[in-house]
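Undergrad: Below you'll find the structure I mean.
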Amino acid sequence: MKPKKQSKSRTIRVLAASVLSASLLAFPVDIHSAAANSAEVAVESRQAGAPVLSSNEVKAFADAYFADPQVSDMLAGALVVVVQDDKVLLNTGYGYADLESKKKIDPDRTLFRMASISKSVTATAVMQLVENGKIDLKQNITEYMPDVKIPNHTGAPVTVEHLLTHTTGFDFTDSYSVPPHIIQKGEIPLADFIRVNAPAVVRTPGEVYRYDNLASSMQGYIVQSVSGEPFEDYVKKQIFDPLNMKHAAFRMNDDIIANLATGYNVDQHPIKPYENVPTIAPEGGMFASGTDMANFITAHLNEGRFGSARILKEETTQLMHKTHYDAAGIPLTSYGFESFMHNSHNGQTVIGKGGDLEGYHSWLWLLPDQNVGGLIVVNSDKSASIRSEFFVAFMDHFYPKKQGSENSFPLHQEQLQKFEGLYRSLRTPIIATQVTAGQGELLVKDAMGEHKLKPVGPLRFVDENGVPAAFKEDDNGDVAYMYYTAIDSMSEKLPKPAPYNDVPEENPYAKDIYFAQSLQAFGDKGQSSFRPDEPITRAEFVSVISRLAGMKPSESVSIFKDMQGHPLAGYVQNAADMGAVNGKTNQSFEPDQPITRQEAAAIIWRTAHHALGAKAVPAKLHPKPAAWADEAVQFMVGTGLHGPEVTKDANGSADYRPTDNLLRKEAAAIYAKLIQQAFGF
């Protein structure tokens with residue numbers, strides 16, 4: 001089976017998984033607790049200390065959970081594993097591996113894409129080589145990858161430890177550029193993939209957390225370079241074979257496809273099997289069965305031992321599970337694991353690993369103190385939230401929260417004012433958070449709604465639902481970063497933008513223009529003028545999408561003949577990979593021509609629908625746009641994604657002026673309102 005060219009779905013997954021992580025794997029509402037409680041089974045020894053779980057009890061809990069219509073109605077299939085000590089308490093499937101054929105999930109043979117859970121396996125391989133003295137955690141990564149050129153003017157090296165903790169300081173951490181020249185015999189080699197996607201270091205390594213796919217790809221390459229054998233061969237011999245993970249693999253082939261659970265989109269339509277990029281993807285390319293993962297979890301719970309085999313020393317496993325980066329005391333990363341959903345831990349120590357790929361969503365968790373671990377993976381975008389909701393129900397059922405709350409740490413309004421400002425996710429700039437000082441608390445608006453944060457420490461807060469938040473100061477003592485519901489990254493505090501000389505405060509578009517400027521949406525940092533009344537070109541308008549998504553400009557050859565060599569070619573190609581732009585006739589894009597208002601509407605609608613799951617919104621229009629733009633313009637009017645230039649007549653019909661050129665100020669209004677509506681501003 002030969003890999004195809006890079007599909008647009010891969011890029012969409014990068015954007016969508018980043019943006020949606022705040023809602024899919026953040027701090028879920030426990031809407032399914034009734035399903036868990038309906039099992040009416042008692043937890044042994046709850047009051048006496050750590051419960052000793054039983055297979056019957058765990059199965060009764062899971063059966064009741066998945067019998068709830070609120071769960072089963074959104075389910076294609078789910079694989080669930082629970083382990084305690086050396087015993088597998090549950091390893092079963094719910095729903096179907098394939099909806100059309102009603103094929104059941106075989107926990108021994110049915111394979112799922114484990115997505116970023118692969119990172120835990122890759123980190124385990126790294127730590128084996130650390131154990132053997134072949135890798136030094138404090139060593140500059142360039143010593144292990146001399147062929148990868150990484151510009152770094154921070155004065156501090158990126159170490160292997162930084163790769164393991166997502167604290168590299170890279171400018172881009174989700175890069176999937178695949179120029180044709182690196183494809184060899186139909187495959188995308190790991191080494192070449194990393195070389196063409198080499199990042200630059202723009203923040204001091206170790207300073208801030210930002211989820212880093214590229215760092216895990218580099219870990220795999222280092223394993224390959226140090227061991228002297230292909231990454232997938234090393235992992236098979238040193239991890240999969242000793243743990244009897246018979247069906248686990250990083251290489252897709254016909255056998256993998258034959259046993260792979262079908263992935264489904266949000267409409268439960270099947271997704272054709274797609275290749276990993278690169279072909280062997282240490283950051284997210286593993287396929288595995290329930291039995292495979294039960295064995296991997298067992299080894300980590302038992303400090304590296306599985307039966308008579310040992311893949312890690314006890315002290316190495318303990319080092320992996322230890323917190324190595326925290327935000328004001330909130331644990332965030334171990335080596336190869338992370339600590340999310342803190343308000344669901346119920347006082348327990350929890351480390352885990354989540355994963356998102358198109359059609360597959362996973363969550364693996366370990367409770368080292370209880371010697372308990374679990375896994376859930378679903379094969380439908382529609383049921384993505386189940387993996388976090390199941391974990392919440394599991395923790396509430398078996399490890400209920402004890403009474404008590406954190407002590408308050410009173411701060412008066414003047415002290416709270418230093419936290420005020422707009423914060424932008426380092427990983428996905430479109431994710432924004434607004435913070436203002438209240439009376440003894442911070443008022444926050446973000447993708448999860450409006451919140452009140454009560455101070456419980458100098459830089460630590462907790463909201464009304466028990467969700468922790470943390471801030472980080474720079475060397476001058478000024479608040480520089482925030483960690484809250486954008487769980488896959490710290491968010492940087494943005495400076496107040498310098499005014500443009502041609503956008504006075506009284507300009508009706510000023511608020512939107514300066515909001516877009518603060519997010520650096522137009523890439524005009526340092527420019528003294530905005531030129532609000534000039535038409536915006538097609539390439540300029542489209543490039544904003546890529547910047548807000550935090551995507552590195554693609555280095556692939558543009559699909560549009562007239563974009564090759566254009567300064568915005570990489571941004572436009574990203575949008576093309578996402579399915580946001582189609583271009584003109586004869587494979588041209590006409591990048592420097594003004595974009596019409598209905599063309600802009602079509603691009604925004606495609607992006608919102610494909611990447612963010614937006615639904616159509618009806619609206620009355622007069623005059624009518626072109627037929628191909630009708631649904632898009634209705635969406636723009638129905639959701640209010642426009643400035644004051646759109647007016648309505650006495651019948652409520654909106655004049656969107658679809659064939660007019662879009663002005664720069666109007667483009668700013670579109671993007672500002674898109675973000676503000678998405679994140680509750």
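A note on labels: chains of the structure tokens are A, B, ... as shown, every chain counts residues from 1, and ligands are counted from 1 in their shown order.
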If we count only C-alpha atoms, what is near A:Leu163 at a cut-off of 10 Å, once residues fewer than 5 positions away on the same chain are taken out, given as a list in words?
TA: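 Non-adjacent residues within range: Ala123, Leu137, Ile141, Val158, Thr168, Gly169, Pro205, Gly206, Asp212, Asn213, Leu214, Ala215, Ser216, Ser217, Met218, Gln219, Tyr335 and Gly336 of chain A.
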Undergrad: Can you spit out the residues from that selection as a PDB file, in the first residue's frame, using N, CA and C atoms?
TA:
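Output contents, as saved in selection.pdb:
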```
ATOM      1  N   ALA A 123       8.389   8.156  24.341  1.00  0.00           N
ATOM      2  CA  ALA A 123       9.139   8.613  25.515  1.00  0.00           C
ATOM      3  C   ALA A 123       9.720   7.440  26.289  1.00  0.00           C
ATOM      4  N   LEU A 137      19.633  13.397  29.294  1.00  0.00           N
ATOM      5  CA  LEU A 137      18.460  14.273  29.319  1.00  0.00           C
ATOM      6  C   LEU A 137      18.830  15.753  29.248  1.00  0.00           C
ATOM      7  N   ILE A 141      19.975  18.867  21.985  1.00  0.00           N
ATOM      8  CA  ILE A 141      19.458  17.909  21.000  1.00  0.00           C
ATOM      9  C   ILE A 141      20.257  17.920  19.708  1.00  0.00           C
ATOM     10  N   VAL A 158      18.211  23.708  23.577  1.00  0.00           N
ATOM     11  CA  VAL A 158      17.065  22.818  23.731  1.00  0.00           C
ATOM     12  C   VAL A 158      17.614  21.443  24.071  1.00  0.00           C
ATOM     13  N   THR A 168      10.080  23.349  24.613  1.00  0.00           N
ATOM     14  CA  THR A 168      11.203  23.597  23.711  1.00  0.00           C
ATOM     15  C   THR A 168      11.419  25.067  23.381  1.00  0.00           C
ATOM     16  N   GLY A 169      10.340  25.852  23.399  1.00  0.00           N
ATOM     17  CA  GLY A 169      10.444  27.237  22.949  1.00  0.00           C
ATOM     18  C   GLY A 169      10.406  27.384  21.448  1.00  0.00           C
ATOM     19  N   PRO A 205      14.186  27.917  26.216  1.00  0.00           N
ATOM     20  CA  PRO A 205      13.763  26.545  26.492  1.00  0.00           C
ATOM     21  C   PRO A 205      13.542  26.316  27.991  1.00  0.00           C
ATOM     22  N   GLY A 206      12.459  25.624  28.311  1.00  0.00           N
ATOM     23  CA  GLY A 206      12.113  25.359  29.700  1.00  0.00           C
ATOM     24  C   GLY A 206      11.233  26.404  30.336  1.00  0.00           C
ATOM     25  N   ASP A 212       3.657  19.952  21.949  1.00  0.00           N
ATOM     26  CA  ASP A 212       4.666  19.956  20.905  1.00  0.00           C
ATOM     27  C   ASP A 212       4.728  18.614  20.181  1.00  0.00           C
ATOM     28  N   ASN A 213       4.006  18.503  19.061  1.00  0.00           N
ATOM     29  CA  ASN A 213       4.071  17.297  18.241  1.00  0.00           C
ATOM     30  C   ASN A 213       5.453  17.107  17.631  1.00  0.00           C
ATOM     31  N   LEU A 214       6.044  18.199  17.182  1.00  0.00           N
ATOM     32  CA  LEU A 214       7.344  18.113  16.530  1.00  0.00           C
ATOM     33  C   LEU A 214       8.401  17.592  17.500  1.00  0.00           C
ATOM     34  N   ALA A 215       8.291  17.949  18.775  1.00  0.00           N
ATOM     35  CA  ALA A 215       9.255  17.480  19.777  1.00  0.00           C
ATOM     36  C   ALA A 215       9.222  15.964  19.901  1.00  0.00           C
ATOM     37  N   SER A 216       8.022  15.375  19.819  1.00  0.00           N
ATOM     38  CA  SER A 216       7.932  13.919  19.902  1.00  0.00           C
ATOM     39  C   SER A 216       8.446  13.260  18.631  1.00  0.00           C
ATOM     40  N   SER A 217       8.241  13.894  17.479  1.00  0.00           N
ATOM     41  CA  SER A 217       8.837  13.383  16.246  1.00  0.00           C
ATOM     42  C   SER A 217      10.359  13.357  16.382  1.00  0.00           C
ATOM     43  N   MET A 218      10.907  14.418  16.979  1.00  0.00           N
ATOM     44  CA  MET A 218      12.353  14.486  17.180  1.00  0.00           C
ATOM     45  C   MET A 218      12.830  13.408  18.150  1.00  0.00           C
ATOM     46  N   GLN A 219      12.025  13.122  19.177  1.00  0.00           N
ATOM     47  CA  GLN A 219      12.400  12.042  20.096  1.00  0.00           C
ATOM     48  C   GLN A 219      12.557  10.730  19.333  1.00  0.00           C
ATOM     49  N   TYR A 335       7.401  12.866  31.899  1.00  0.00           N
ATOM     50  CA  TYR A 335       8.095  12.480  30.674  1.00  0.00           C
ATOM     51  C   TYR A 335       7.190  11.532  29.895  1.00  0.00           C
ATOM     52  N   GLY A 336       6.605  12.041  28.825  1.00  0.00           N
ATOM     53  CA  GLY A 336       5.734  11.216  27.994  1.00  0.00           C
ATOM     54  C   GLY A 336       4.297  11.169  28.456  1.00  0.00           C
TER      55      GLY A 336
END
```
Undergrad: Residues near A:Ala614, anyone? I mean within 12 Å using only C-alpha atoms, not counting same-chain ones fewer than 4 positions away, as number ranges by chain.
TA: A: 16, 266, 604-610, 632, 635-636, 639, 674, 677-678
Undergrad: Skip A:Glu131 itself and residues of its chain fewer than 2 positions away, then list as an MDAnalysis selection string all residues within 8 Å of it, counting only C-alpha atoms.
TA: chainID A and resid 127:129 133:135 312:313 316
Undergrad: Would you write out those residues with C-alpha atoms, as a CSV table (one decimal), in the first residue's frame?
TA:
```
chain,number,residue,atom,x,y,z
A,127,MET,CA,14.1,6.6,28.6
A,128,GLN,CA,15.4,3.1,27.9
A,129,LEU,CA,18.3,4.7,26.1
A,133,GLY,CA,23.7,5.8,29.1
A,134,LYS,CA,23.2,6.5,25.3
A,135,ILE,CA,21.1,9.6,25.8
A,312,LEU,CA,12.5,0.0,32.4
A,313,LYS,CA,14.1,0.0,35.8
A,316,THR,CA,13.5,5.2,35.6
```
Undergrad: Using only C-alpha atoms, which protein or nucleic acid residues come within 10 Å of A:Ala600? Drop anything in the same chain fewer than 6 positions from it, and give the result as a short mmCIF file (atom, residue, chain, number, x, y, z; two decimals) with N, CA and C atoms, in the first residue's frame.
TA:
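Writing the result to selection-v1.cif gives the following:
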```cif
data_model
loop_
_atom_site.label_atom_id
_atom_site.label_comp_id
_atom_site.auth_asym_id
_atom_site.auth_seq_id
_atom_site.Cartn_x
_atom_site.Cartn_y
_atom_site.Cartn_z
N ARG A 538 -6.81 38.83 -2.13
CA ARG A 538 -7.23 37.46 -1.85
C ARG A 538 -6.19 36.75 -0.97
N PHE A 541 -6.21 38.18 2.70
CA PHE A 541 -7.36 37.74 3.49
C PHE A 541 -7.19 36.30 3.95
N VAL A 542 -6.76 35.43 3.04
CA VAL A 542 -6.62 34.01 3.36
C VAL A 542 -5.49 33.77 4.35
N VAL A 581 -10.03 27.15 0.50
CA VAL A 581 -10.00 27.90 -0.76
C VAL A 581 -9.93 26.93 -1.93
N ALA A 629 -22.35 31.10 -3.30
CA ALA A 629 -22.01 31.81 -2.07
C ALA A 629 -23.22 32.02 -1.17
N ALA A 632 -23.01 30.61 2.39
CA ALA A 632 -21.93 31.27 3.11
C ALA A 632 -22.34 32.67 3.55
N VAL A 633 -22.96 33.44 2.64
CA VAL A 633 -23.36 34.80 3.00
C VAL A 633 -24.47 34.77 4.06
N MET A 636 -22.72 34.37 7.32
CA MET A 636 -22.08 35.60 7.77
C MET A 636 -23.10 36.57 8.36
N PRO A 658 -22.67 41.70 -1.78
CA PRO A 658 -21.82 40.52 -2.02
C PRO A 658 -20.77 40.68 -3.10
N ASN A 661 -15.87 44.79 -3.47
CA ASN A 661 -14.59 44.39 -2.90
C ASN A 661 -14.63 44.53 -1.38
N LEU A 662 -14.00 43.61 -0.68
CA LEU A 662 -13.92 43.67 0.78
C LEU A 662 -12.79 44.62 1.17
N ALA A 667 -12.54 43.33 6.68
CA ALA A 667 -11.90 42.04 6.96
C ALA A 667 -11.56 41.93 8.44
N ILE A 670 -14.65 41.03 10.34
CA ILE A 670 -15.03 39.62 10.18
C ILE A 670 -14.23 38.74 11.12
#
```
Undergrad: Kindly provide the residues of stretch 62-149 of chain A that approach stretch 386-397 of chain A to within 12 Å, each paired with its closest atom pair and their distance in Å to one decimal, based on only C-alpha atoms, listed by chain and increasing number, as a Markdown table.
TA:
```
| residue | atom | partner | partner_atom | distance |
| --- | --- | --- | --- | --- |
| A:Ala62 | CA | A:Phe394 | CA | 8.5 |
| A:Asp63 | CA | A:Phe390 | CA | 11.5 |
| A:Ala64 | CA | A:Ala393 | CA | 11.0 |
| A:Tyr65 | CA | A:Phe390 | CA | 7.7 |
| A:Phe66 | CA | A:Phe390 | CA | 9.1 |
| A:Asp68 | CA | A:Phe390 | CA | 11.7 |
| A:Gln70 | CA | A:Ile386 | CA | 10.0 |
| A:Val71 | CA | A:Ile386 | CA | 7.3 |
| A:Ser72 | CA | A:Ile386 | CA | 9.9 |
| A:Asp73 | CA | A:Ile386 | CA | 11.3 |
| A:Met74 | CA | A:Ile386 | CA | 8.8 |
| A:Leu75 | CA | A:Ile386 | CA | 8.4 |
| A:Ala76 | CA | A:Ile386 | CA | 11.1 |
| A:Gly77 | CA | A:Ile386 | CA | 10.6 |
| A:Ala78 | CA | A:Arg387 | CA | 8.8 |
| A:Leu79 | CA | A:Arg387 | CA | 10.0 |
| A:Val80 | CA | A:Arg387 | CA | 9.5 |
| A:Val81 | CA | A:Phe391 | CA | 11.6 |
| A:Val82 | CA | A:Phe394 | CA | 10.2 |
```
Undergrad: Between A:Leu416, A:Ile430, A:Ala510, A:Leu663, which is the closest to A:Ile536 once you count only C-alpha atoms?
TA: A:Leu663
Undergrad: With only C-alpha atoms as the basis for distance, which of A:Phe337, A:Phe560, A:Phe250, A:Phe231 is at the shortest distance from A:Phe287?
TA: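 Answer, going by the shortest atom-to-atom distance: A:Phe250.
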Undergrad: Can you pull out the residues contacting stretch 499-509 of chain A? Cut-off 7 Å, using only C-alpha atoms, and skip same-chain residues under 6 positions away; I want them as a list of chain:residue names.
TA: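 The contact residues come out as A:Ser528, A:Ser529, A:Phe530, A:Arg531, A:Lys665, A:Ala669.
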Undergrad: Could you write out, as a VMD selection string, all the residues of stretch 506-676 of chain A that DSSP marks as helix (DSSP H, G or I)?
TA: chain A and resid 510 to 518 538 to 548 561 to 563 569 to 577 597 to 612 627 to 639 664 to 676
Undergrad: Could you pull the residues within 8 Å of stretch 448-461 of chain A, counting only C-alpha atoms, minus those fewer than 6 positions along the same chain, as JSON, numbers by chain?
TA: {"A": [22, 23, 328, 329, 406, 407, 408, 409, 410, 411, 440, 441, 442, 468, 469, 470, 471, 472, 485, 679, 680]}
Undergrad: Smallest atom-to-atom distance to A:Val277: which of A:Ile105, A:Ile182, A:Met320, A:Ile376, using only C-alpha atoms?
TA: A:Ile182
Undergrad: Go through A:Tyr399, A:Phe172, A:Phe681, A:Tyr514 one by one, measure the shortest atom-to-atom distance of each to A:Val52 using only C-alpha atoms, and give the residue with the smallest value.
TA: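 Checking each of A:Tyr399, A:Phe172, A:Phe681, A:Tyr514 against A:Val52, counting only C-alpha atoms, the winner is A:Tyr399.
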Undergrad: Quick one: residues within 9 Å of stretch 377-379 of chain A, only C-alpha atoms counted, chain neighbours fewer than 4 positions away excluded, as a PyMOL selection string?
TA: chain A and resi 75-80+96-97+112-114+261-265+355+358-364+383-384+386-387
Undergrad: Please dump the current selection as a CSV table (one decimal), in the first residue's frame; keep C-alpha atoms.
TA:
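Wrote it out as selection09.csv, contents follow:
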```
chain,number,residue,atom,x,y,z
A,75,LEU,CA,-21.4,6.4,19.8
A,76,ALA,CA,-19.9,4.5,16.9
A,77,GLY,CA,-17.6,2.4,19.0
A,78,ALA,CA,-15.4,2.6,22.1
A,79,LEU,CA,-12.6,0.4,23.4
A,80,VAL,CA,-12.2,0.5,27.2
A,96,TYR,CA,-19.1,-1.2,16.7
A,97,ALA,CA,-15.8,-1.3,14.9
A,112,PHE,CA,-7.5,1.7,16.8
A,113,ARG,CA,-5.4,4.7,16.0
A,114,MET,CA,-3.9,5.6,19.4
A,261,ALA,CA,-11.8,0.1,13.4
A,262,THR,CA,-13.5,2.4,10.9
A,263,GLY,CA,-13.2,6.1,11.8
A,264,TYR,CA,-16.2,8.3,11.4
A,265,ASN,CA,-16.7,12.1,11.2
A,355,GLY,CA,-4.9,11.9,21.5
A,358,GLU,CA,-9.6,12.5,12.5
A,359,GLY,CA,-12.1,9.9,13.5
A,360,TYR,CA,-10.3,8.7,16.6
A,361,HIS,CA,-10.0,10.2,20.1
A,362,SER,CA,-8.3,8.6,23.0
A,363,TRP,CA,-7.3,9.1,26.7
A,364,LEU,CA,-5.0,6.9,28.8
A,383,SER,CA,-18.3,10.9,20.3
A,384,ALA,CA,-15.0,12.7,21.0
A,386,ILE,CA,-17.1,10.6,25.6
A,387,ARG,CA,-13.4,9.9,26.5
```
Undergrad: Taking only C-alpha atoms into account, name the residue in A:Asn244, A:Gln564, A:Thr428, A:Thr436 that is nearest to A:Ala486.
TA: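 Selected residue with least distance to A:Ala486: A:Thr428.
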